[in-house]
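Undergrad: My structure is in data-v7.csv, and what it holds is CSV, C-alpha atoms and all ligand atoms:
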```csv
chain,number,residue,atom,x,y,z
A,9,MET,CA,8.6,20.0,7.8
A,10,ASN,CA,5.9,18.3,9.9
A,11,CYS,CA,6.2,14.5,9.5
A,12,SER,CA,2.5,13.9,9.9
A,13,PHE,CA,0.7,11.0,8.3
A,14,SER,CA,-1.3,13.3,6.0
A,15,LEU,CA,-1.7,13.7,2.3
A,16,GLU,CA,0.2,16.9,2.5
A,17,HIS,CA,3.3,15.2,3.9
A,18,TYR,CA,2.8,12.3,1.5
A,19,ARG,CA,3.2,14.7,-1.4
A,20,GLU,CA,6.3,16.0,0.3
A,21,LEU,CA,7.7,12.5,0.6
A,22,LEU,CA,7.2,11.9,-3.1
A,23,ALA,CA,8.8,15.3,-3.9
A,24,ALA,CA,11.8,14.3,-1.7
A,25,ALA,CA,12.2,11.1,-3.7
A,26,GLU,CA,12.4,13.2,-6.8
A,27,VAL,CA,14.9,15.6,-5.3
A,28,GLY,CA,17.0,12.6,-4.3
A,29,GLY,CA,17.0,11.4,-8.0
A,30,TYR,CA,15.0,8.2,-7.4
A,31,HIS,CA,12.9,6.5,-10.0
A,32,TYR,CA,9.8,4.4,-9.5
A,33,ALA,CA,10.3,0.7,-10.0
A,34,PHE,CA,8.2,-2.4,-9.8
A,35,PHE,CA,8.9,-5.8,-8.5
A,36,ASP,CA,9.8,-7.2,-12.0
A,37,HIS,CA,13.5,-7.0,-11.7
A,38,ASP,CA,16.1,-7.1,-8.9
A,39,PRO,CA,16.4,-3.6,-7.4
A,40,GLU,CA,19.0,-1.3,-9.0
A,41,PRO,CA,20.7,1.8,-7.5
A,42,GLY,CA,18.2,4.6,-7.5
A,43,ASP,CA,15.1,2.4,-7.6
A,44,LEU,CA,12.2,3.3,-5.3
A,45,LEU,CA,9.8,0.4,-4.9
A,46,LEU,CA,6.7,2.0,-3.7
A,47,ARG,CA,4.6,-0.8,-2.1
A,48,HIS,CA,1.0,-0.5,-0.8
A,49,ASP,CA,-0.5,-3.3,1.2
A,50,VAL,CA,-4.3,-2.6,1.0
A,51,ASP,CA,-5.5,-4.1,4.3
A,52,LEU,CA,-8.7,-2.2,4.9
A,53,SER,CA,-10.0,0.2,2.3
A,54,LEU,CA,-10.1,0.2,-1.5
A,55,ASP,CA,-11.4,3.7,-1.3
A,56,ALA,CA,-8.3,4.9,0.4
A,57,ALA,CA,-6.1,3.0,-2.0
A,58,LEU,CA,-7.8,4.7,-5.0
A,59,ARG,CA,-7.5,8.1,-3.5
A,60,LEU,CA,-3.7,7.6,-2.9
A,61,ALA,CA,-3.4,6.1,-6.4
A,62,GLU,CA,-4.9,9.2,-8.0
A,63,LEU,CA,-2.6,11.5,-6.0
A,64,GLU,CA,0.4,9.5,-7.1
A,65,ALA,CA,-0.5,9.6,-10.7
A,66,GLU,CA,-0.9,13.4,-10.5
A,67,ALA,CA,2.6,13.5,-8.9
A,68,GLY,CA,4.1,11.2,-11.6
A,69,ALA,CA,4.6,8.4,-9.1
A,70,ALA,CA,4.0,4.7,-9.8
A,71,ALA,CA,3.4,2.1,-7.1
A,72,THR,CA,2.5,-1.6,-6.7
A,73,TYR,CA,-0.8,-2.1,-5.0
A,74,PHE,CA,-1.2,-5.4,-3.1
A,75,LEU,CA,-4.9,-6.3,-3.0
A,76,MET,CA,-6.5,-9.1,-0.9
A,77,THR,CA,-8.9,-11.7,-2.2
A,78,GLN,CA,-9.6,-12.9,1.4
A,79,SER,CA,-10.2,-9.6,3.1
A,80,VAL,CA,-12.9,-9.2,5.8
A,81,PHE,CA,-13.0,-5.5,5.0
A,82,TYR,CA,-13.6,-5.4,1.2
A,83,ASN,CA,-14.6,-7.7,-1.7
A,84,LEU,CA,-12.4,-7.6,-4.7
A,85,ALA,CA,-15.0,-9.5,-6.7
A,86,SER,CA,-17.6,-6.8,-6.1
A,87,PRO,CA,-18.3,-4.0,-8.6
A,88,GLU,CA,-16.3,-1.7,-6.3
A,89,GLY,CA,-13.4,-4.2,-6.4
A,90,LEU,CA,-13.4,-4.5,-10.2
A,91,ARG,CA,-13.5,-0.7,-10.5
A,92,ALA,CA,-10.5,-0.4,-8.2
A,93,LEU,CA,-8.5,-3.0,-10.2
A,94,ASN,CA,-9.3,-1.2,-13.5
A,95,ARG,CA,-8.6,2.2,-12.2
A,96,LEU,CA,-5.2,1.2,-10.6
A,97,ARG,CA,-4.1,-0.2,-14.0
A,98,GLU,CA,-5.4,2.8,-15.9
A,99,LEU,CA,-3.3,5.1,-13.6
A,100,GLY,CA,-0.2,3.1,-14.5
A,101,HIS,CA,0.2,1.3,-11.2
A,102,ALA,CA,1.1,-2.4,-10.8
A,103,VAL,CA,-1.2,-4.8,-8.9
A,104,GLY,CA,0.1,-7.7,-6.8
A,105,LEU,CA,-1.6,-10.1,-4.4
A,106,HIS,CA,-1.7,-9.4,-0.7
A,107,ALA,CA,-2.0,-13.0,0.3
A,108,VAL,CA,-3.0,-14.8,3.5
A,109,TRP,CA,-0.8,-17.7,4.3
A,110,PRO,CA,-0.6,-20.3,2.9
A,111,GLY,CA,-2.9,-19.4,-0.1
A,112,ALA,CA,-1.1,-17.4,-2.8
A,113,GLU,CA,-3.5,-18.1,-5.7
A,114,LEU,CA,-2.4,-15.7,-8.5
A,115,ASP,CA,-4.9,-15.2,-11.3
A,116,GLU,CA,-5.0,-12.8,-14.3
A,117,ARG,CA,-5.9,-9.9,-12.1
A,118,PHE,CA,-2.4,-9.9,-10.6
A,119,ASP,CA,1.2,-9.4,-11.7
A,120,PRO,CA,3.3,-12.3,-10.4
A,121,VAL,CA,4.2,-10.7,-7.1
A,122,VAL,CA,3.0,-11.5,-3.6
A,123,ALA,CA,3.2,-9.7,-0.3
A,124,TRP,CA,2.0,-11.8,2.7
A,125,HIS,CA,-0.4,-10.2,5.1
A,126,ASN,CA,0.9,-10.1,8.7
A,127,PRO,CA,3.5,-12.8,7.9
A,128,ASN,CA,5.3,-15.0,10.5
A,129,PRO,CA,9.1,-14.9,10.4
A,130,ASP,CA,9.3,-18.6,9.4
A,131,TYR,CA,7.8,-18.1,5.9
A,132,MET,CA,8.1,-14.3,5.4
A,133,SER,CA,11.1,-14.4,3.1
A,134,GLU,CA,10.6,-17.8,1.5
A,135,PRO,CA,10.8,-17.7,-2.3
A,136,LEU,CA,7.7,-18.7,-4.2
A,137,ASP,CA,7.3,-20.7,-7.4
A,138,GLY,CA,6.5,-18.5,-10.4
A,139,ALA,CA,6.2,-15.3,-8.4
A,140,VAL,CA,8.2,-12.7,-6.5
A,141,ASN,CA,7.9,-12.6,-2.8
A,142,VAL,CA,8.5,-8.9,-1.9
A,143,MET,CA,10.4,-10.0,1.2
A,144,GLN,CA,12.7,-12.4,-0.5
A,145,THR,CA,16.4,-11.7,-0.3
A,146,ALA,CA,16.9,-9.6,-3.4
A,147,PHE,CA,14.1,-7.2,-2.6
A,148,PHE,CA,14.4,-6.9,1.2
A,149,ASP,CA,17.0,-6.1,3.7
A,150,PRO,CA,16.7,-3.7,6.7
A,151,ASP,CA,18.9,-1.1,5.1
A,152,HIS,CA,16.7,-0.9,2.0
A,153,TYR,CA,13.3,-1.0,3.7
A,154,ARG,CA,11.0,1.4,5.5
A,155,SER,CA,7.5,0.8,6.7
A,156,ASP,CA,4.7,3.0,8.2
A,157,SER,CA,3.1,0.1,10.0
A,158,ASN,CA,0.7,1.2,12.8
A,159,GLN,CA,1.6,4.8,12.1
A,160,ARG,CA,5.2,4.4,13.4
A,161,TRP,CA,8.4,4.7,11.3
A,162,ARG,CA,10.9,2.5,13.1
A,163,HIS,CA,13.8,4.5,11.8
A,164,GLY,CA,12.1,7.9,11.5
A,165,CYS,CA,10.3,9.3,8.5
A,166,PRO,CA,12.4,8.6,5.4
A,167,HIS,CA,11.8,11.9,3.6
A,168,GLU,CA,15.2,13.4,4.6
A,169,GLY,CA,17.1,10.3,3.6
A,170,LEU,CA,15.2,10.2,0.3
A,171,ALA,CA,16.0,13.9,-0.4
A,172,ARG,CA,19.6,13.3,0.3
A,173,GLY,CA,19.8,10.1,-1.7
A,174,GLU,CA,21.0,8.2,1.3
A,175,PHE,CA,19.3,4.9,0.3
A,176,GLU,CA,21.0,3.0,-2.5
A,177,TRP,CA,17.5,1.8,-3.3
A,178,LEU,CA,14.4,1.6,-1.2
A,179,GLN,CA,11.4,-0.6,-0.7
A,180,LEU,CA,8.9,1.8,0.9
A,181,LEU,CA,5.8,0.2,2.4
A,182,VAL,CA,2.9,2.6,2.8
A,183,HIS,CA,-0.6,1.7,4.0
A,184,PRO,CA,-3.0,4.0,2.2
A,185,GLU,CA,-5.6,4.2,5.1
A,186,ILE,CA,-3.0,5.8,7.4
A,187,TRP,CA,-2.4,8.8,5.1
A,188,ILE,CA,-6.0,9.2,3.8
A,189,TYR,CA,-7.8,9.4,7.2
A,190,PRO,CA,-6.8,11.9,9.8
A,191,GLY,CA,-5.5,11.0,13.2
A,192,ASN,CA,-2.5,11.3,15.5
A,193,THR,CA,-2.6,7.7,16.5
A,194,MET,CA,-3.7,4.5,14.7
A,195,ARG,CA,-6.8,4.4,16.9
A,196,GLU,CA,-7.8,7.9,15.9
A,197,THR,CA,-7.1,7.1,12.2
A,198,MET,CA,-9.2,4.0,12.4
A,199,ASN,CA,-12.1,5.8,14.0
A,200,ALA,CA,-11.9,8.4,11.2
A,201,MET,CA,-11.9,5.6,8.7
A,202,LEU,CA,-15.0,4.0,10.3
A,203,ASP,CA,-16.9,7.3,10.3
A,204,ALA,CA,-16.2,7.7,6.5
A,205,GLU,CA,-17.1,4.1,6.0
A,206,ARG,CA,-20.5,4.7,7.6
A,207,GLN,CA,-21.3,7.4,5.1
A,208,ARG,CA,-20.1,5.3,2.2
A,209,ARG,CA,-22.1,2.3,3.3
A,210,LEU,CA,-25.3,4.4,3.7
A,211,ALA,CA,-24.9,5.4,0.1
A,212,LEU,CA,-24.4,1.7,-0.9
A,213,LEU,CA,-27.6,0.8,1.1
A,214,ALA,CA,-29.6,3.4,-0.9
A,215,GLU,CA,-28.1,2.1,-4.1
A,216,ASP,CA,-29.2,-1.4,-3.0
A,217,ARG,CA,-32.8,-0.1,-2.8
A,218,ILE,CA,-32.9,-0.2,1.0
A,219,ASP,CA,-35.6,2.2,2.3
A,220,LEU,CA,-33.8,4.7,4.5
A,221,SER,CA,-36.6,7.2,4.7
B,301,ZN,ZN,8.8,13.3,7.0
B,302,ZN,ZN,-1.5,-6.5,5.3
```
Could you take the file, read its structure, and then write that structure out as structure tokens?

TA:
Amino acid sequence: MNCSFSLEHYRELLAAAEVGGYHYAFFDHDPEPGDLLLRHDVDLSLDAALRLAELEAEAGAAATYFLMTQSVFYNLASPEGLRALNRLRELGHAVGLHAVWPGAELDERFDPVVAWHNPNPDYMSEPLDGAVNVMQTAFFDPDHYRSDSNQRWRHGCPHEGLARGEFEWLQLLVHPEIWIYPGNTMRETMNAMLDAERQRRLALLAEDRIDLS
């Protein structure tokens, strides 16, 4: 199996979790044996998030999507943002807040669960009032956590461990952009994303009655 950051291997990763007997869980109870907490921090692209969400729904997977209200890359209050929120819920996923320290303002769009964006160690695991912090003690420790940050698994791709049921439970952090756009390095992947974004934005300009003739 080729551990590429591709949709093909993402499907294999989900299939491996099924082989290992894991079930998809949300951040609404302390993790139990067999729980797979699939977490998506949406840093850059709602489009990528939605495409991954559709794939997961087809595969019978459910995840928690953490969306930003203070992103420089997308606007959750825009029509595109509202469509994304609705569609994620329709597909059976949970939606949490991907917050920028120190503002964790939860409103009715979000479940009471927060993941900090690029957190510093001093507040990363601090419990919150009235909401779960995904990095607080019950939900996070290094043996039960894997992340694809910057297109690098620190302990190797988890597909084998999942298939063998090696994790008692697992919080798996996956950034949709990395899997949706092709590239062998983060730089290549980001360039592919920007190329796709250019096409998408041209369509938005036309919709906005900008004369592109
Ligand atoms: Zn793999
Ligand atoms: Zn982030």

Undergrad: Please identify the residues whose atoms come within 9 Å of ligand ZN 301 (chain B), using all atoms listed in the file, and report them as a PDB file with C-alpha atoms, in the frame of the given file.

TA:
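Done, and the output landed in result_25.pdb:
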```pdb
ATOM      1  CA  MET A   9       8.600  20.000   7.800  1.00  0.00           C
ATOM      2  CA  ASN A  10       5.900  18.300   9.900  1.00  0.00           C
ATOM      3  CA  CYS A  11       6.200  14.500   9.500  1.00  0.00           C
ATOM      4  CA  SER A  12       2.500  13.900   9.900  1.00  0.00           C
ATOM      5  CA  PHE A  13       0.700  11.000   8.300  1.00  0.00           C
ATOM      6  CA  HIS A  17       3.300  15.200   3.900  1.00  0.00           C
ATOM      7  CA  TYR A  18       2.800  12.300   1.500  1.00  0.00           C
ATOM      8  CA  GLU A  20       6.300  16.000   0.300  1.00  0.00           C
ATOM      9  CA  LEU A  21       7.700  12.500   0.600  1.00  0.00           C
ATOM     10  CA  GLY A 164      12.100   7.900  11.500  1.00  0.00           C
ATOM     11  CA  CYS A 165      10.300   9.300   8.500  1.00  0.00           C
ATOM     12  CA  PRO A 166      12.400   8.600   5.400  1.00  0.00           C
ATOM     13  CA  HIS A 167      11.800  11.900   3.600  1.00  0.00           C
ATOM     14  CA  GLU A 168      15.200  13.400   4.600  1.00  0.00           C
TER      15      GLU A 168
END
```

Undergrad: Within 12 Å of ligand ZN 302 (chain B), which residues show up when you count all atoms listed in the file? List them as a PyMOL selection string, please.

TA: chain A and resi 47-53+73-81+105-109+122-127+155-158+181-185

Undergrad: Kindly export the residues of the current selection with C-alpha atoms, as a compact mmCIF listing (two decimals), in the frame of the given file.

TA:
```txt
# COMPACT_ATOMS: atom_id res chain seq x y z
CA ARG A 47 4.60 -0.80 -2.10
CA HIS A 48 1.00 -0.50 -0.80
CA ASP A 49 -0.50 -3.30 1.20
CA VAL A 50 -4.30 -2.60 1.00
CA ASP A 51 -5.50 -4.10 4.30
CA LEU A 52 -8.70 -2.20 4.90
CA SER A 53 -10.00 0.20 2.30
CA TYR A 73 -0.80 -2.10 -5.00
CA PHE A 74 -1.20 -5.40 -3.10
CA LEU A 75 -4.90 -6.30 -3.00
CA MET A 76 -6.50 -9.10 -0.90
CA THR A 77 -8.90 -11.70 -2.20
CA GLN A 78 -9.60 -12.90 1.40
CA SER A 79 -10.20 -9.60 3.10
CA VAL A 80 -12.90 -9.20 5.80
CA PHE A 81 -13.00 -5.50 5.00
CA LEU A 105 -1.60 -10.10 -4.40
CA HIS A 106 -1.70 -9.40 -0.70
CA ALA A 107 -2.00 -13.00 0.30
CA VAL A 108 -3.00 -14.80 3.50
CA TRP A 109 -0.80 -17.70 4.30
CA VAL A 122 3.00 -11.50 -3.60
CA ALA A 123 3.20 -9.70 -0.30
CA TRP A 124 2.00 -11.80 2.70
CA HIS A 125 -0.40 -10.20 5.10
CA ASN A 126 0.90 -10.10 8.70
CA PRO A 127 3.50 -12.80 7.90
CA SER A 155 7.50 0.80 6.70
CA ASP A 156 4.70 3.00 8.20
CA SER A 157 3.10 0.10 10.00
CA ASN A 158 0.70 1.20 12.80
CA LEU A 181 5.80 0.20 2.40
CA VAL A 182 2.90 2.60 2.80
CA HIS A 183 -0.60 1.70 4.00
CA PRO A 184 -3.00 4.00 2.20
CA GLU A 185 -5.60 4.20 5.10
```

Undergrad: To one decimal place, how far is CA of Thr72 (chain A) from CA of Asp36 (chain A) in Å?

TA: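 About the pair CA of Thr72 (chain A) and CA of Asp36 (chain A): they are 10.6 Å apart.
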
Undergrad: Can you tell me which residues surround Leu22 (chain A) at a distance of at most 12 Å, considering only C-alpha atoms, apart from same-chain residues fewer than 4 positions away, and format the answer as a VMD selection string?

TA: chain A and resid 15 to 18 26 to 32 44 to 46 60 63 to 71 166 to 168 170 to 171 180 182

Undergrad: Quick one, how far is CA of Phe175 (chain A) from CA of Phe148 (chain A)?

TA: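 Distance reported for this atom pair: 12.8 Å.
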
Undergrad: State, in Å with one decimal place, the distance from CA of Leu84 (chain A) to CA of Arg195 (chain A).

TA: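 Going from CA of Leu84 (chain A) over to CA of Arg195 (chain A), I get 25.3 Å.
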
Undergrad: How about completing region 45-59 of chain A with N, CA, C and O atoms and giving it to me as an mmCIF file, in the coordinates of the input?

TA:
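File produced: rebuild15.cif:
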```cif
data_model
loop_
_atom_site.group_PDB
_atom_site.id
_atom_site.type_symbol
_atom_site.label_atom_id
_atom_site.label_comp_id
_atom_site.auth_asym_id
_atom_site.auth_seq_id
_atom_site.Cartn_x
_atom_site.Cartn_y
_atom_site.Cartn_z
ATOM 1 N N LEU A 45 10.929 1.328 -4.790
ATOM 2 C CA LEU A 45 9.800 0.400 -4.900
ATOM 3 C C LEU A 45 8.752 0.797 -3.936
ATOM 4 O O LEU A 45 8.835 0.544 -2.729
ATOM 5 N N LEU A 46 7.769 1.469 -4.483
ATOM 6 C CA LEU A 46 6.700 2.000 -3.700
ATOM 7 C C LEU A 46 5.637 0.856 -3.554
ATOM 8 O O LEU A 46 5.078 0.426 -4.557
ATOM 9 N N ARG A 47 5.425 0.402 -2.319
ATOM 10 C CA ARG A 47 4.600 -0.800 -2.100
ATOM 11 C C ARG A 47 3.400 -0.363 -1.197
ATOM 12 O O ARG A 47 3.600 0.260 -0.153
ATOM 13 N N HIS A 48 2.199 -0.736 -1.613
ATOM 14 C CA HIS A 48 1.000 -0.500 -0.800
ATOM 15 C C HIS A 48 0.290 -1.745 -0.474
ATOM 16 O O HIS A 48 -0.259 -2.384 -1.380
ATOM 17 N N ASP A 49 0.284 -2.138 0.774
ATOM 18 C CA ASP A 49 -0.500 -3.300 1.200
ATOM 19 C C ASP A 49 -1.909 -2.709 1.560
ATOM 20 O O ASP A 49 -2.032 -1.878 2.467
ATOM 21 N N VAL A 50 -2.911 -3.137 0.806
ATOM 22 C CA VAL A 50 -4.300 -2.600 1.000
ATOM 23 C C VAL A 50 -4.992 -3.553 1.967
ATOM 24 O O VAL A 50 -5.558 -4.553 1.559
ATOM 25 N N ASP A 51 -4.936 -3.227 3.240
ATOM 26 C CA ASP A 51 -5.500 -4.100 4.300
ATOM 27 C C ASP A 51 -6.972 -3.834 4.520
ATOM 28 O O ASP A 51 -7.720 -4.741 4.892
ATOM 29 N N LEU A 52 -7.405 -2.585 4.361
ATOM 30 C CA LEU A 52 -8.700 -2.200 4.900
ATOM 31 C C LEU A 52 -9.645 -1.500 3.933
ATOM 32 O O LEU A 52 -10.849 -1.644 4.055
ATOM 33 N N SER A 53 -9.123 -0.722 3.013
ATOM 34 C CA SER A 53 -10.000 0.200 2.300
ATOM 35 C C SER A 53 -9.559 0.360 0.813
ATOM 36 O O SER A 53 -8.494 0.944 0.570
ATOM 37 N N LEU A 54 -10.391 -0.095 -0.132
ATOM 38 C CA LEU A 54 -10.100 0.200 -1.500
ATOM 39 C C LEU A 54 -10.265 1.643 -1.862
ATOM 40 O O LEU A 54 -9.583 2.186 -2.725
ATOM 41 N N ASP A 55 -11.192 2.272 -1.161
ATOM 42 C CA ASP A 55 -11.400 3.700 -1.300
ATOM 43 C C ASP A 55 -10.162 4.489 -1.041
ATOM 44 O O ASP A 55 -9.757 5.361 -1.819
ATOM 45 N N ALA A 56 -9.526 4.184 0.070
ATOM 46 C CA ALA A 56 -8.300 4.900 0.400
ATOM 47 C C ALA A 56 -7.192 4.578 -0.594
ATOM 48 O O ALA A 56 -6.433 5.468 -0.985
ATOM 49 N N ALA A 57 -7.125 3.333 -1.056
ATOM 50 C CA ALA A 57 -6.100 3.000 -2.000
ATOM 51 C C ALA A 57 -6.285 3.793 -3.318
ATOM 52 O O ALA A 57 -5.324 4.331 -3.870
ATOM 53 N N LEU A 58 -7.529 3.923 -3.763
ATOM 54 C CA LEU A 58 -7.800 4.700 -5.000
ATOM 55 C C LEU A 58 -7.444 6.135 -4.855
ATOM 56 O O LEU A 58 -6.911 6.757 -5.772
ATOM 57 N N ARG A 59 -7.770 6.680 -3.706
ATOM 58 C CA ARG A 59 -7.500 8.100 -3.500
ATOM 59 C C ARG A 59 -5.961 8.337 -3.516
ATOM 60 O O ARG A 59 -5.475 9.308 -4.099
#
```
